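Content type mmCIF, C-alpha atoms, from the file query09.cif:
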```
data_query
loop_
_atom_site.label_atom_id
_atom_site.label_comp_id
_atom_site.auth_asym_id
_atom_site.auth_seq_id
_atom_site.Cartn_x
_atom_site.Cartn_y
_atom_site.Cartn_z
CA MET A 1 -24.85 23.18 28.02
CA ARG A 2 -21.10 23.13 27.45
CA ILE A 3 -18.68 21.52 25.02
CA THR A 4 -15.27 20.58 26.34
CA ALA A 5 -12.43 21.19 23.90
CA ILE A 6 -9.09 19.55 24.66
CA TYR A 7 -6.02 21.35 23.37
CA ARG A 8 -2.37 20.38 23.40
CA VAL A 9 -0.37 23.48 24.23
CA ALA A 10 3.38 23.96 24.09
CA SER A 11 4.42 26.34 26.84
CA ALA A 12 6.87 27.04 29.60
CA ALA A 13 5.45 26.15 33.00
CA GLU A 14 5.36 29.77 34.12
CA ASP A 15 3.27 30.79 31.08
CA ILE A 16 0.78 27.95 30.74
CA ASP A 17 -1.90 29.39 33.03
CA ALA A 18 -2.00 32.64 31.07
CA LYS A 19 -1.98 30.80 27.73
CA ALA A 20 -4.79 28.50 28.81
CA HIS A 21 -7.04 31.34 29.93
CA SER A 22 -6.21 33.30 26.79
CA LEU A 23 -7.24 30.26 24.75
CA ALA A 24 -10.58 30.08 26.59
CA VAL A 25 -11.24 33.74 25.87
CA GLU A 26 -10.12 33.54 22.23
CA GLN A 27 -12.45 30.64 21.50
CA SER A 28 -15.46 32.26 23.14
CA VAL A 29 -15.88 36.03 23.58
CA GLU A 30 -12.61 37.12 21.90
CA MET A 31 -12.14 40.26 24.01
CA PRO A 32 -10.88 41.18 27.48
CA LEU A 33 -13.23 39.90 30.15
CA ASP A 34 -12.96 43.10 32.15
CA ALA A 35 -14.43 44.97 29.17
CA ILE A 36 -17.64 42.91 29.30
CA ASP A 37 -20.44 44.27 31.49
CA ASP A 38 -23.13 41.73 30.61
CA GLU A 39 -23.35 39.27 33.49
CA ARG A 40 -24.97 36.53 31.40
CA VAL A 41 -22.16 36.67 28.84
CA LEU A 42 -19.56 36.43 31.58
CA ALA A 43 -21.36 33.58 33.36
CA GLU A 44 -22.64 31.55 30.41
CA ILE A 45 -20.76 32.43 27.22
CA ALA A 46 -17.17 33.10 28.22
CA GLY A 47 -14.95 30.01 28.00
CA ARG A 48 -13.74 28.40 31.21
CA VAL A 49 -10.51 26.52 31.80
CA GLU A 50 -11.46 23.21 33.37
CA SER A 51 -8.00 21.78 33.87
CA ILE A 52 -4.34 22.00 32.89
CA GLU A 53 -2.36 18.77 32.97
CA PRO A 54 1.28 18.16 31.98
CA ASP A 55 1.85 15.94 28.94
CA GLY A 56 5.62 15.81 28.77
CA PRO A 57 8.35 18.46 28.98
CA GLY A 58 6.97 21.82 27.92
CA VAL A 59 3.64 20.36 26.74
CA TRP A 60 0.24 20.52 28.43
CA HIS A 61 -3.29 19.24 27.96
CA VAL A 62 -5.74 22.09 28.48
CA ARG A 63 -9.47 21.42 28.83
CA VAL A 64 -11.70 24.38 28.01
CA ALA A 65 -15.49 24.43 28.49
CA LEU A 66 -17.24 26.39 25.73
CA ALA A 67 -20.90 27.37 25.51
CA ALA A 68 -22.73 25.03 23.14
CA GLU A 69 -25.08 27.81 22.05
CA THR A 70 -22.19 29.65 20.39
CA PHE A 71 -21.55 26.70 18.05
CA GLY A 72 -24.57 27.28 15.86
CA THR A 73 -26.22 24.58 13.78
CA GLU A 74 -23.79 24.03 10.89
CA PRO A 75 -20.28 22.52 10.74
CA GLY A 76 -18.48 25.70 9.69
CA GLN A 77 -19.49 27.63 12.79
CA PHE A 78 -18.94 24.51 14.88
CA MET A 79 -15.30 24.33 13.72
CA ASN A 80 -14.88 28.09 14.07
CA MET A 81 -15.83 28.03 17.73
CA LEU A 82 -13.85 24.87 18.38
CA PHE A 83 -10.59 25.96 16.79
CA GLY A 84 -11.02 29.08 14.64
CA ASN A 85 -8.62 31.81 15.72
CA SER A 86 -6.57 29.50 17.91
CA SER A 87 -5.56 27.41 14.89
CA LEU A 88 -3.37 30.38 13.96
CA HIS A 89 -1.19 29.79 17.01
CA ASP A 90 1.64 27.40 16.19
CA PHE A 91 1.82 26.22 19.80
CA VAL A 92 -1.77 24.90 19.95
CA THR A 93 -3.21 21.62 18.61
CA LEU A 94 -6.85 20.62 18.90
CA GLU A 95 -6.69 17.12 20.35
CA ASP A 96 -10.29 16.19 21.09
CA ALA A 97 -13.77 17.45 21.91
CA GLU A 98 -16.42 16.10 24.24
CA LEU A 99 -19.85 16.82 22.79
CA PRO A 100 -23.28 16.62 24.42
CA ALA A 101 -25.58 13.93 23.06
CA ALA A 102 -28.04 16.53 21.76
CA MET A 103 -25.40 18.10 19.51
CA VAL A 104 -24.30 14.74 18.14
CA ALA A 105 -27.94 13.92 17.43
CA HIS A 106 -28.41 17.25 15.65
CA PHE A 107 -25.57 16.65 13.20
CA GLY A 108 -26.74 13.08 12.80
CA GLY A 109 -23.65 11.11 11.84
CA PRO A 110 -23.67 8.40 9.14
CA ARG A 111 -26.92 7.44 7.41
CA SER A 112 -25.61 4.17 5.92
CA GLY A 113 -22.61 3.60 8.15
CA MET A 114 -20.68 0.39 8.45
CA ALA A 115 -23.81 -1.76 8.27
CA GLY A 116 -25.01 -0.07 5.09
CA LEU A 117 -21.68 -0.58 3.37
CA ARG A 118 -21.71 -4.24 4.40
CA ARG A 119 -25.17 -4.64 2.84
CA ARG A 120 -23.97 -3.05 -0.39
CA ALA A 121 -20.99 -5.41 -0.56
CA GLY A 122 -22.85 -8.49 0.62
CA ALA A 123 -20.19 -8.82 3.32
CA LYS A 124 -21.82 -10.01 6.52
CA ALA A 125 -18.75 -10.51 8.70
CA ARG A 126 -15.55 -10.07 6.70
CA ALA A 127 -13.41 -7.05 5.95
CA MET A 128 -14.24 -5.32 2.68
CA THR A 129 -12.07 -4.50 -0.31
CA CYS A 130 -11.63 -1.32 -2.28
CA THR A 131 -9.40 0.00 -5.05
CA ALA A 132 -8.88 3.28 -6.90
CA LEU A 133 -8.96 4.40 -10.53
CA LYS A 134 -5.64 6.06 -11.42
CA PRO A 135 -3.68 7.89 -12.75
CA GLN A 136 -4.76 11.43 -13.47
CA GLY A 137 -4.87 12.27 -17.15
CA LEU A 138 -6.73 9.20 -18.45
CA PRO A 139 -9.94 9.73 -20.49
CA PRO A 140 -13.23 8.18 -19.37
CA GLU A 141 -12.89 5.21 -21.71
CA ALA A 142 -9.51 4.22 -20.27
CA LEU A 143 -10.75 4.57 -16.70
CA ALA A 144 -13.79 2.48 -17.57
CA ARG A 145 -11.54 -0.28 -18.91
CA LEU A 146 -9.60 -0.25 -15.63
CA ALA A 147 -12.86 -0.33 -13.67
CA ALA A 148 -14.02 -3.36 -15.65
CA ARG A 149 -10.81 -5.24 -14.93
CA PHE A 150 -11.04 -4.49 -11.22
CA ALA A 151 -14.70 -5.54 -11.17
CA MET A 152 -13.89 -8.80 -12.94
CA GLY A 153 -11.54 -9.48 -10.04
CA GLY A 154 -14.51 -9.22 -7.66
CA VAL A 155 -13.43 -6.21 -5.57
CA ASP A 156 -16.23 -4.77 -3.40
CA PHE A 157 -15.74 -1.07 -4.16
CA ILE A 158 -13.97 0.84 -6.94
CA LYS A 159 -13.49 4.52 -6.22
CA ASP A 160 -12.33 7.43 -8.32
CA ASP A 161 -8.96 8.75 -7.28
CA HIS A 162 -9.69 11.86 -5.25
CA GLY A 163 -7.96 14.03 -7.87
CA LEU A 164 -10.48 13.06 -10.54
CA ALA A 165 -13.03 15.85 -10.68
CA ASP A 166 -14.51 17.47 -13.78
CA GLN A 167 -11.37 17.99 -15.88
CA ASP A 168 -11.44 18.48 -19.63
CA TYR A 169 -9.72 15.14 -20.20
CA SER A 170 -12.19 13.31 -17.96
CA PRO A 171 -15.50 15.17 -17.59
CA PHE A 172 -17.51 13.99 -14.58
CA ALA A 173 -20.66 13.00 -16.46
CA ALA A 174 -18.81 11.10 -19.20
CA ARG A 175 -16.54 9.34 -16.69
CA VAL A 176 -19.36 8.29 -14.39
CA THR A 177 -21.51 7.02 -17.24
CA ALA A 178 -18.65 4.99 -18.72
CA CYS A 179 -17.35 3.56 -15.44
CA ALA A 180 -20.79 2.74 -14.06
CA ALA A 181 -21.69 0.86 -17.24
CA ALA A 182 -18.40 -1.04 -17.23
CA VAL A 183 -18.81 -2.11 -13.62
CA ARG A 184 -22.45 -3.14 -14.15
CA GLN A 185 -21.47 -5.30 -17.10
CA ALA A 186 -18.59 -6.93 -15.22
CA SER A 187 -20.75 -7.53 -12.14
CA SER A 188 -23.37 -9.25 -14.26
CA LYS A 189 -20.66 -11.72 -15.28
CA THR A 190 -19.08 -12.28 -11.86
CA GLY A 191 -22.29 -12.26 -9.85
CA ARG A 192 -20.63 -9.99 -7.27
CA PRO A 193 -22.20 -6.62 -6.32
CA THR A 194 -19.14 -4.47 -7.06
CA ARG A 195 -19.89 -0.78 -6.45
CA TYR A 196 -18.35 2.10 -8.40
CA MET A 197 -17.93 5.28 -6.30
CA PRO A 198 -17.33 8.52 -8.22
CA ASN A 199 -15.52 11.40 -6.58
CA ILE A 200 -17.79 14.43 -6.24
CA SER A 201 -16.34 17.92 -5.92
CA GLY A 202 -17.03 21.61 -6.45
CA ASN A 203 -19.49 24.06 -4.94
CA LEU A 204 -22.85 23.06 -3.45
CA ASP A 205 -24.68 23.34 -6.76
CA GLN A 206 -22.05 21.21 -8.48
CA LEU A 207 -22.14 18.60 -5.72
CA ARG A 208 -25.91 18.33 -6.05
CA ALA A 209 -25.71 18.05 -9.83
CA GLN A 210 -23.04 15.36 -9.63
CA LEU A 211 -25.06 13.41 -7.08
CA GLY A 212 -27.98 13.58 -9.51
CA ILE A 213 -25.82 12.08 -12.26
CA ALA A 214 -24.62 9.34 -9.92
CA ARG A 215 -28.19 8.54 -8.88
CA ASP A 216 -29.31 8.39 -12.52
CA GLU A 217 -26.62 5.77 -13.10
CA GLY A 218 -27.96 3.69 -10.23
CA LEU A 219 -25.01 4.42 -7.94
CA ASP A 220 -25.48 4.48 -4.18
CA ALA A 221 -22.02 5.46 -2.89
CA VAL A 222 -19.66 8.34 -3.61
CA VAL A 223 -16.30 9.69 -2.48
CA ILE A 224 -16.01 13.24 -1.13
CA ALA A 225 -13.18 15.25 0.47
CA PRO A 226 -14.91 17.23 3.27
CA MET A 227 -12.00 19.60 3.87
CA VAL A 228 -11.80 20.43 0.14
CA VAL A 229 -15.50 21.03 -0.56
CA GLY A 230 -16.17 22.46 2.91
CA LEU A 231 -17.62 20.75 5.95
CA THR A 232 -20.96 22.56 5.68
CA ALA A 233 -21.43 21.59 2.03
CA PHE A 234 -20.48 18.00 2.88
CA HIS A 235 -22.94 17.84 5.76
CA THR A 236 -25.68 19.39 3.63
CA VAL A 237 -25.48 16.89 0.78
CA ALA A 238 -25.08 13.96 3.19
CA ARG A 239 -28.33 15.00 4.90
CA GLU A 240 -30.08 15.50 1.57
CA HIS A 241 -29.17 12.04 0.26
CA PRO A 242 -29.71 9.50 3.06
CA ASP A 243 -29.71 6.59 0.62
CA ILE A 244 -26.23 7.38 -0.71
CA ALA A 245 -23.14 6.34 1.25
CA PHE A 246 -20.47 9.03 1.58
CA VAL A 247 -16.86 7.88 1.82
CA ALA A 248 -14.75 10.72 3.21
CA HIS A 249 -11.31 11.33 1.73
CA PRO A 250 -8.66 12.98 3.97
CA ALA A 251 -7.28 15.46 1.40
CA MET A 252 -6.41 18.75 3.17
CA GLY A 253 -7.00 16.98 6.48
CA GLY A 254 -3.42 17.67 7.53
CA ALA A 255 -3.51 21.37 6.75
CA ALA A 256 -4.45 22.40 10.30
CA ARG A 257 -3.29 21.33 13.73
CA ILE A 258 -6.20 19.05 14.50
CA ALA A 259 -5.45 15.57 15.79
CA PRO A 260 -6.29 13.00 13.06
CA PRO A 261 -8.45 10.77 15.31
CA LEU A 262 -10.67 13.76 16.05
CA LEU A 263 -10.90 15.14 12.50
CA LEU A 264 -10.80 12.02 10.31
CA GLY A 265 -12.42 9.67 12.80
CA ARG A 266 -14.90 11.52 14.96
CA LEU A 267 -15.77 14.79 13.18
CA PHE A 268 -16.07 13.38 9.65
CA ARG A 269 -18.33 10.73 11.19
CA LEU A 270 -20.34 13.37 13.05
CA PHE A 271 -21.03 15.30 9.86
CA GLY A 272 -22.14 12.27 7.87
CA ALA A 273 -19.25 10.11 6.65
CA ASP A 274 -20.26 6.47 6.30
CA ALA A 275 -16.61 5.50 5.80
CA THR A 276 -13.39 7.44 6.31
CA ILE A 277 -10.17 6.96 4.36
CA PHE A 278 -6.92 7.65 6.21
CA PRO A 279 -3.18 7.03 5.72
CA ASN A 280 -2.17 3.68 7.14
CA HIS A 281 1.03 3.30 9.15
CA GLY A 282 4.00 1.99 7.21
CA GLY A 283 2.74 3.39 3.90
CA ARG A 284 3.81 6.55 2.14
CA PHE A 285 2.54 8.81 4.93
CA GLY A 286 3.84 9.23 8.44
CA TYR A 287 0.99 8.16 10.71
CA SER A 288 1.96 5.87 13.58
CA PRO A 289 0.19 2.62 14.50
CA ASP A 290 -1.24 4.33 17.60
CA THR A 291 -2.69 7.16 15.51
CA CYS A 292 -4.23 4.71 13.03
CA ALA A 293 -5.74 2.64 15.84
CA ALA A 294 -7.16 5.81 17.41
CA ILE A 295 -8.71 6.90 14.08
CA ALA A 296 -10.35 3.49 13.66
CA ASP A 297 -11.64 3.55 17.23
CA ALA A 298 -13.05 7.08 16.83
CA ALA A 299 -14.76 6.10 13.59
CA ARG A 300 -16.46 2.89 14.70
CA GLY A 301 -16.68 3.10 18.48
CA THR A 302 -19.93 3.61 20.39
CA TRP A 303 -20.77 7.33 20.50
CA HIS A 304 -24.10 8.75 21.64
CA GLY A 305 -26.04 6.21 19.61
CA ILE A 306 -24.96 7.28 16.11
CA ALA A 307 -23.99 4.68 13.53
CA PRO A 308 -20.37 3.55 13.33
CA CYS A 309 -18.27 4.80 10.43
CA LEU A 310 -16.17 2.28 8.51
CA PRO A 311 -12.37 2.84 8.73
CA VAL A 312 -10.58 2.63 5.36
CA PRO A 313 -6.77 2.47 5.76
CA ALA A 314 -4.94 3.41 2.56
CA GLY A 315 -1.78 4.95 1.12
CA GLY A 316 0.96 2.69 -0.22
CA MET A 317 -0.67 -0.62 0.68
CA THR A 318 0.66 -3.82 -0.90
CA PRO A 319 -0.67 -7.40 -1.01
CA ALA A 320 2.25 -8.58 1.13
CA ARG A 321 0.96 -6.48 4.02
CA LEU A 322 -2.55 -7.93 4.08
CA PRO A 323 -2.03 -10.36 6.99
CA ASP A 324 -0.70 -7.59 9.22
CA LEU A 325 -3.36 -5.09 8.09
CA LEU A 326 -6.24 -7.44 8.77
CA ALA A 327 -4.81 -8.53 12.11
CA PHE A 328 -4.43 -4.87 13.06
CA TYR A 329 -7.89 -3.62 12.03
CA GLY A 330 -10.02 -6.77 12.20
CA ALA A 331 -13.13 -7.41 10.13
CA ASP A 332 -14.77 -4.00 10.60
CA ALA A 333 -12.63 -2.25 8.01
CA MET A 334 -12.26 -1.74 4.28
CA ILE A 335 -8.78 -2.27 2.84
CA LEU A 336 -8.07 0.23 0.04
CA MET A 337 -5.33 -0.81 -2.36
CA GLY A 338 -4.76 1.20 -5.53
CA GLY A 339 -1.19 1.37 -6.78
CA GLY A 340 -0.40 -1.94 -5.12
CA LEU A 341 -2.78 -3.60 -7.60
CA LEU A 342 -2.26 -1.31 -10.60
CA SER A 343 1.43 -2.20 -10.61
CA ALA A 344 0.39 -5.70 -11.72
CA ARG A 345 -0.44 -4.18 -15.14
CA GLU A 346 -1.54 -7.04 -17.46
CA ARG A 347 -2.20 -9.24 -14.40
CA LEU A 348 -4.52 -6.67 -12.85
CA THR A 349 -7.67 -8.80 -12.79
CA SER A 350 -5.94 -11.90 -11.41
CA GLU A 351 -4.10 -9.87 -8.76
CA THR A 352 -7.38 -8.18 -7.79
CA ALA A 353 -9.03 -11.58 -7.46
CA ALA A 354 -6.15 -12.78 -5.27
CA PHE A 355 -6.51 -9.63 -3.13
CA VAL A 356 -10.23 -10.22 -2.70
CA GLU A 357 -9.71 -13.91 -1.86
CA ARG A 358 -6.98 -13.13 0.67
CA VAL A 359 -9.11 -10.54 2.46
CA ALA A 360 -12.03 -12.97 2.56
CA GLU A 361 -9.73 -15.60 4.03
CA LEU A 362 -8.04 -13.41 6.65
CA GLY A 363 -10.46 -10.59 7.34
CA THR A 364 -13.01 -12.22 9.60
CA GLY A 365 -11.46 -11.85 13.04
CA GLU A 366 -11.11 -9.33 15.81
CA ARG A 367 -8.39 -6.72 15.76
CA SER A 368 -5.18 -7.70 17.50
CA ILE A 369 -4.54 -4.49 19.44
#
```
Take the structure from the file and write it as structure tokens.
Amino acid sequence: MRITAIYRVASAAEDIDAKAHSLAVEQSVEMPLDAIDDERVLAEIAGRVESIEPDGPGVWHVRVALAAETFGTEPGQFMNMLFGNSSLHDFVTLEDAELPAAMVAHFGGPRSGMAGLRRRAGAKARAMTCTALKPQGLPPEALARLAARFAMGGVDFIKDDHGLADQDYSPFAARVTACAAAVRQASSKTGRPTRYMPNISGNLDQLRAQLGIARDEGLDAVVIAPMVVGLTAFHTVAREHPDIAFVAHPAMGGAARIAPPLLLGRLFRLFGADATIFPNHGGRFGYSPDTCAAIADAARGTWHGIAPCLPVPAGGMTPARLPDLLAFYGADAMILMGGGLLSARERLTSETAAFVERVAELGTGERSI
């Protein structure tokens, strides 16, 4: 059984064949082939170049078949064999990977997925809404007051900013207890099932402890940055807590040359993300519309029978952009707006309510692209 890795390689035409075969060796046996005397290793383990296709001046798409048995059973080794040493080459980008159904089934993908998040929000067909608790430096009581105001506006999900961890000024346990209580109280008044999602972080023991605190508060969704905590730790806790939805944050997702649709869309989904946050085009990050569309497609498209992952465009979103956003992504998305609502200050609750109403009004159709 083989996995096909697709790399984008910058090279002169006269060098691309050698670079491609070097890439296949580097990502498999990592030594000269003529120094290997085991026939099975040469026939079954060594990487094979399947094709080399031009992709513009001085750029090539290289398909390399790699032995699935070398990938192990956990995400760290999976990523190592897919793009470990070769990520150190500045002329190589990992563009995509074609995985056998058995491997996708092993990692499992989302447990709640798009459907589970819809059930939590009571949103049968419309796009969902989300906001973020900011800024850094606020104590738990201040964040809880913000959470209450958002919840009174009827937003579906309120997440911790990804920088909120277990700092002295906002300890995890105190923050989660305060914010969960504030959201519960507000929801009892509005009648809407607003969910508070704390950001979990740290080593595996800390992640498990924080999930225990969240569960004790009756929470069933959290935010996690897989590239910060480690893909293996992320996958482990996602498997251990099938009743909790994991919303993946892209922090550190741009630190390596891995195409965003593969990393943020497909791989985060593979390892257990029920929703994936990514920088929307036209915000404060530089992703193009094509890249954003590809991330959304990778997250929610049909793939070996695993549940779709909900795309969550974010990063500099404003209420004025809602019609375009909802036309672009359609109903199967969650629109995350933090600073665009927080800038309303004393009008925060009314602006949140207007945001929720506008998404409910516009976010029921198919995507336009």
Quiz item: What do you get, as a ChimeraX atom specification, if you spell out every residue that the PyMOL selection byres ((chain A and resi 108) around 7) selects here?
Solution: /A:104-107,109-110,270-272,306
At most 12 Å is the cut-off: for each residue in segment 163-218 of chain A with any atom that close to an atom of segment 353-360 of chain A, write down the nearest atom pair and the distance in Å rounded to one decimal, counting all atoms listed in the file, chain first then increasing number, as CSV.
```
residue,atom,partner,partner_atom,distance
A:Thr190,CA,A:Ala353,CA,11.0
A:Arg192,CA,A:Val356,CA,11.4
A:Thr194,CA,A:Val356,CA,11.5
```
Exercise. Excluding segment 86-97 of chain A and any residue of its chain fewer than 4 positions from it, enumerate the residues within 10 Å of it, using only C-alpha atoms, and give them as number ranges by chain.
Key: A: 3-11, 19, 22-24, 26-27, 59-65, 80-82, 256-263, 266-267
Could you state which residues are captured by the PyMOL selection byres ((chain A and resi 337) around 7) in this file, as a PDB file with C-alpha atoms, in the coordinates of the input?
```pdb
ATOM      1  CA  CYS A 130     -11.630  -1.320  -2.280  1.00  0.00           C
ATOM      2  CA  THR A 131      -9.400   0.000  -5.050  1.00  0.00           C
ATOM      3  CA  ALA A 314      -4.940   3.410   2.560  1.00  0.00           C
ATOM      4  CA  MET A 317      -0.670  -0.620   0.680  1.00  0.00           C
ATOM      5  CA  THR A 318       0.660  -3.820  -0.900  1.00  0.00           C
ATOM      6  CA  ILE A 335      -8.780  -2.270   2.840  1.00  0.00           C
ATOM      7  CA  LEU A 336      -8.070   0.230   0.040  1.00  0.00           C
ATOM      8  CA  GLY A 338      -4.760   1.200  -5.530  1.00  0.00           C
ATOM      9  CA  GLY A 339      -1.190   1.370  -6.780  1.00  0.00           C
ATOM     10  CA  GLY A 340      -0.400  -1.940  -5.120  1.00  0.00           C
ATOM     11  CA  LEU A 341      -2.780  -3.600  -7.600  1.00  0.00           C
TER      12      LEU A 341
END
```
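Shortest separation to Met128 of chain A among A:Asp220, A:Glu361, A:Asp168, A:Glu74 occurs at residue A:Glu361, atoms counted being all atoms listed in the file.
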Quiz prompt | Target residues per the PyMOL selection byres ((chain A and resi 277) around 12), formatted as number ranges by chain | solution = A: 130-132, 159, 161-162, 223-226, 246-251, 253, 260-261, 263-265, 268-269, 273-276, 278-280, 292, 295-296, 299, 309-315, 333-337
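Between atom CA of Asp160 of chain A and atom CA of Gly330 of chain A the interatomic distance comes to 25.1 Å.
Pairwise distance (atom CA of Val222 of chain A, atom CA of Gly84 of chain A) equals 28.9 Å.
A straight line drawn from atom CA of Asp297 of chain A to atom CA of Leu325 of chain A is 15.1 Å long.
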Set up a box along x, y and z of the file covering all listed atoms of segment 126-141 of chain A, add 4 Å on every one of the six sides, and write the centre and edge lengths in Å to one decimal, as JSON.
```
{"center_x": -9.6, "center_y": 1.1, "center_z": -7.5, "size_x": 19.9, "size_y": 30.3, "size_z": 36.4}
```
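In terms of minimum interatomic distance to Ala127 of chain A, A:Ala327 ranks closest within A:Ala327, A:Ala142, A:Gly316, A:Leu342, counting only C-alpha atoms.
When all atoms listed in the file are used to measure the gap to Leu164 of chain A, the shortest distance among A:Ala68, A:Ile200, A:Leu146, A:Ala178 belongs to A:Ile200.
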Is it possible to get the residues within 9 Å of (-17.1, -0.1, -10.9) (coordinates as in the file, counting all atoms listed in the file) written as an mmCIF file with C-alpha atoms, keeping the file's coordinate frame?
```cif
data_model
loop_
_atom_site.group_PDB
_atom_site.id
_atom_site.type_symbol
_atom_site.label_atom_id
_atom_site.label_comp_id
_atom_site.auth_asym_id
_atom_site.auth_seq_id
_atom_site.Cartn_x
_atom_site.Cartn_y
_atom_site.Cartn_z
ATOM 1 C CA ALA A 144 -13.790 2.480 -17.570
ATOM 2 C CA LEU A 146 -9.600 -0.250 -15.630
ATOM 3 C CA ALA A 147 -12.860 -0.330 -13.670
ATOM 4 C CA ALA A 148 -14.020 -3.360 -15.650
ATOM 5 C CA PHE A 150 -11.040 -4.490 -11.220
ATOM 6 C CA ALA A 151 -14.700 -5.540 -11.170
ATOM 7 C CA VAL A 155 -13.430 -6.210 -5.570
ATOM 8 C CA ASP A 156 -16.230 -4.770 -3.400
ATOM 9 C CA PHE A 157 -15.740 -1.070 -4.160
ATOM 10 C CA ILE A 158 -13.970 0.840 -6.940
ATOM 11 C CA LYS A 159 -13.490 4.520 -6.220
ATOM 12 C CA CYS A 179 -17.350 3.560 -15.440
ATOM 13 C CA ALA A 180 -20.790 2.740 -14.060
ATOM 14 C CA ALA A 181 -21.690 0.860 -17.240
ATOM 15 C CA ALA A 182 -18.400 -1.040 -17.230
ATOM 16 C CA VAL A 183 -18.810 -2.110 -13.620
ATOM 17 C CA ARG A 184 -22.450 -3.140 -14.150
ATOM 18 C CA ALA A 186 -18.590 -6.930 -15.220
ATOM 19 C CA SER A 187 -20.750 -7.530 -12.140
ATOM 20 C CA THR A 194 -19.140 -4.470 -7.060
ATOM 21 C CA ARG A 195 -19.890 -0.780 -6.450
ATOM 22 C CA TYR A 196 -18.350 2.100 -8.400
ATOM 23 C CA MET A 197 -17.930 5.280 -6.300
#
```
Quiz prompt | Shortest interatomic distance to Ala344 of chain A - which of A:Asp55, A:Arg149, A:Arg215, A:Val228, counting only C-alpha atoms | solution = A:Arg149
